[in-house]
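Chemist: Below is the structure I would like to discuss, written out as structure tokens.
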Amino acid sequence: MSDSDFHMVQLGLDAKGLTTLGKMLHLPLDRTDTGYLVHCALGELFGDDAPQPFAIETDAQNGRRARVLGYTAADADTLQANAQLDASPTVYEICDWDGLAAKPMPDTFPDGITLQFELRACPVVRKASAGEGVNQNGDTRTWDEGDELDVFLAEAWTRPEDDVSREQVYRDWLRRQFDLRGGAEPHSIGMDRFSIERMTRRVPKTDNGERKADTIKRPDVTLTGTLTVTDSSAFVDLLRSGLGRHKSFGYGMLKVRRA
């Protein structure tokens, strides 16, 4: 058992088992993405020690298993012990326990060290007030106070006369995240992948006890580059908590390695 309280864990989750869990939780499977099913499975298995942020790697064995990386305070032995005590047999069988692995992460990083990074992010902004804008086709777009928008659309709708670059907007968003959190300074940022994905999440129960699901569309972006650590403690906190919103769907895990 490790003395560290910061670990990266790797585990495999059975795809059919995730579907079964979704049915158990009464989720609309035709609208529920793998990221949220993984989030639910990790919570059912590990409780408060569930890895988050986490990232879903390329599916193994022809899609029969989701490979997950995540950060957590617990080591592999503790995670399995938690699941043995708390998870139902059906949920326990979702995890490939022979493939569960963990490593302690560094407690400190030398100031000035340069690292490569990869981040699957959901770059969105919550609007502080209602408003309207115009897209490049001349169509009016409106939003309400508290609405969450793709940061690219939020920028483009207020500058319809400009040729706004999606990649540049996402780069600027990530720089603001680092400025807000501290701990590191990015030097180069590239967008390796972009798509619009549906997210389905459970909403609070209604007065009659029913629990419904809400489906939204959000940007799904993989950003890569290099960064320099400027404050070790703040950087470790950043790794632990992740960057941006919607970490429950598999966004926000900053993976790093030596440059």
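Lettering and numbering for the structure tokens are positional, with chains as A, B, ... in the shown order, residues counted from 1 in each chain, and ligands counted from 1 in the shown order.
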Write out as a list in words the residues lying within 9 Å of region 75-86 of chain A, counting only C-alpha atoms and excluding same-chain residues fewer than 3 positions away.
Modeler: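 Here the answer would be Met1, Ser2, Asp3, Ser4, Asp5, Phe6, His7, Met8, Val9, Glu44, Leu45, Phe46, Gly47, Asp49, Ala50, Thr72, Pro89, Val91, Tyr92, Trp97, Leu100, Ala101, Ala102, Lys103 and Pro104 of chain A.
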Chemist: Deliver the residues from the most recent selection as a file, using C-alpha atoms, as a short mmCIF file (atom, residue, chain, number, x, y, z; two decimals), in the first residue's frame.
Modeler:
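The resulting file, again_17.cif, is shown below:
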data_model
loop_
_atom_site.label_atom_id
_atom_site.label_comp_id
_atom_site.auth_asym_id
_atom_site.auth_seq_id
_atom_site.Cartn_x
_atom_site.Cartn_y
_atom_site.Cartn_z
CA MET A 1 0.00 0.00 0.00
CA SER A 2 1.36 3.40 -1.01
CA ASP A 3 1.94 6.24 1.48
CA SER A 4 1.13 8.79 -1.22
CA ASP A 5 -2.30 10.47 -1.33
CA PHE A 6 -2.12 11.28 -5.04
CA HIS A 7 -2.25 8.48 -7.61
CA MET A 8 -2.88 7.89 -11.27
CA VAL A 9 -4.96 4.75 -11.76
CA GLU A 44 -20.79 3.06 -7.61
CA LEU A 45 -17.49 1.18 -7.31
CA PHE A 46 -15.32 3.56 -5.31
CA GLY A 47 -17.54 6.16 -3.64
CA ASP A 49 -12.38 7.78 -3.79
CA ALA A 50 -13.70 7.53 -7.36
CA THR A 72 -7.44 9.81 -7.03
CA PRO A 89 -22.03 -7.84 -7.26
CA VAL A 91 -21.34 -3.40 -10.40
CA TYR A 92 -18.25 -5.11 -8.97
CA TRP A 97 -9.59 -6.22 -11.40
CA LEU A 100 -6.26 -2.44 -12.20
CA ALA A 101 -2.98 -0.56 -11.76
CA ALA A 102 -1.91 2.56 -9.92
CA LYS A 103 1.19 4.64 -9.49
CA PRO A 104 1.98 7.41 -6.99
#
Chemist: Among the residues of region 41-240 of chain A, find those DSSP assigns to helix (DSSP H, G or I) from the backbone and print them as a ChimeraX atom specification.
Modeler: /A:41-49,76-86,89-92,97-99,151-156,166-181,232-240
Chemist: If you count only C-alpha atoms, which residues fall within 8 Å of Gly190 (chain A), apart from same-chain ones fewer than 3 positions away, as a ChimeraX atom specification?
Modeler: /A:167,171,223-225
Chemist: Quick one: of A:His187, A:Arg257, A:Lys23, A:Arg141, who's nearest to Thr90 (chain A), counting only C-alpha atoms?
Modeler: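 Looking only at the distances to Thr90 (chain A), the closest residue turns out to be A:Lys23.
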Chemist: Restrict the calculation to only C-alpha atoms, then for each residue of region 82-180 of chain A with any atom at most 10 Å from an atom of region 192-199 of chain A give the closest atom pair and their distance in Å to one decimal, rows by chain and rising residue number, as JSON lines.
Modeler:
{"residue": "A:Glu118", "atom": "CA", "partner": "A:Asp192", "partner_atom": "CA", "distance": 9.4}
{"residue": "A:Leu119", "atom": "CA", "partner": "A:Asp192", "partner_atom": "CA", "distance": 9.9}
{"residue": "A:Arg120", "atom": "CA", "partner": "A:Arg193", "partner_atom": "CA", "distance": 9.0}
{"residue": "A:Ala121", "atom": "CA", "partner": "A:Phe194", "partner_atom": "CA", "distance": 9.7}
{"residue": "A:Cys122", "atom": "CA", "partner": "A:Ile196", "partner_atom": "CA", "distance": 9.7}
{"residue": "A:Asp150", "atom": "CA", "partner": "A:Ile196", "partner_atom": "CA", "distance": 9.8}
{"residue": "A:Arg166", "atom": "CA", "partner": "A:Phe194", "partner_atom": "CA", "distance": 9.6}
{"residue": "A:Glu167", "atom": "CA", "partner": "A:Phe194", "partner_atom": "CA", "distance": 9.2}
Chemist: Atoms to include: C-alpha atoms. Write the selected residues as a CSV table (one decimal), in the first residue's frame.
Modeler:
chain,number,residue,atom,x,y,z
A,118,GLU,CA,-2.7,16.5,-23.2
A,119,LEU,CA,-6.1,17.6,-22.2
A,120,ARG,CA,-9.6,16.5,-23.3
A,121,ALA,CA,-11.6,19.6,-22.5
A,122,CYS,CA,-15.1,21.0,-22.7
A,150,ASP,CA,-19.4,27.0,-26.4
A,166,ARG,CA,-12.1,28.1,-33.3
A,167,GLU,CA,-8.7,26.8,-32.5
Chemist: So that I can check the surroundings of Leu115 (chain A), please list as a PyMOL selection string every protein, DNA and RNA residue that reaches within 12 Å of it, counting only C-alpha atoms and ignoring chain neighbours fewer than 2 positions away.
Modeler: chain A and resi 109-113+117-118+184-188+224-230+235+254-259
Chemist: Could you find all residues in region 136-178 of chain A that DSSP calls strand (DSSP E) from the backbone, and write them as a PyMOL selection string?
Modeler: chain A and resi 140-143+148-150
Chemist: Using only C-alpha atoms, which residue out of A:Lys217, A:Ser88, A:Thr222, A:Lys247 lies closest to Ile189 (chain A)?
Modeler: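 Ranking A:Lys217, A:Ser88, A:Thr222, A:Lys247 by distance to Ile189 (chain A), first place goes to A:Thr222.
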Chemist: Taking only C-alpha atoms into account, name the residue in A:Pro123, A:Ser129, A:Val134, A:Cys40 that is nearest to Phe152 (chain A).
Modeler: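 Using only C-alpha atoms, the shortest distance to Phe152 (chain A) belongs to A:Pro123.
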Chemist: For Phe249 (chain A), please output as a list in words all residues within 8 Å (counting only C-alpha atoms; exclusion window: fewer than 2 positions along the same chain).
Modeler: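 So, after excluding close chain neighbours, the residues are Thr34, Gly35, Tyr36, Val38, His39, Met199, His246, Lys247 and Tyr251 of chain A.
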Chemist: Using only C-alpha atoms, which of the listed residues (A:Asp214, A:Asp139, A:Asp179, A:Asp144) sits closest to Leu243 (chain A)?
Modeler: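 Using only C-alpha atoms, the shortest distance to Leu243 (chain A) belongs to A:Asp179.
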Chemist: Could you state the separation of CA of Lys127 (chain A) and CA of Ala234 (chain A) in Å, given to one decimal place?
Modeler: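 Distance between the two atoms: 27.0 Å.
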Chemist: Can you pull out every residue within 10 Å of Asp162 (chain A), counting only C-alpha atoms, but drop anything in the same chain fewer than 6 positions away, and send it as a PDB file with C-alpha atoms, in the first residue's frame?
Modeler:
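selection_1.pdb, written as the output of this step:
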ATOM      1  CA  GLN A 136     -21.831  34.684 -39.683  1.00  0.00           C
ATOM      2  CA  GLU A 155     -17.029  34.860 -29.211  1.00  0.00           C
ATOM      3  CA  ALA A 156     -18.234  34.444 -32.792  1.00  0.00           C
TER       4      ALA A 156
END
Chemist: Could you pull the residues within 7 Å of Ala55 (chain A), counting only C-alpha atoms, minus those fewer than 5 positions along the same chain, as a ChimeraX atom specification?
Modeler: /A:68-70,250-251,253
Chemist: Just give me the gap between CA of Asp163 (chain A) and CA of Gly252 (chain A) in Å, one decimal is fine.
Modeler: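 Result for CA of Asp163 (chain A) versus CA of Gly252 (chain A): 27.9 Å, one decimal.
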Chemist: Using CA of Gly242 (chain A) and CA of Pro53 (chain A) as the two end points, give the distance in Å to one decimal.
Modeler: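 Going from CA of Gly242 (chain A) over to CA of Pro53 (chain A), I get 5.6 Å.
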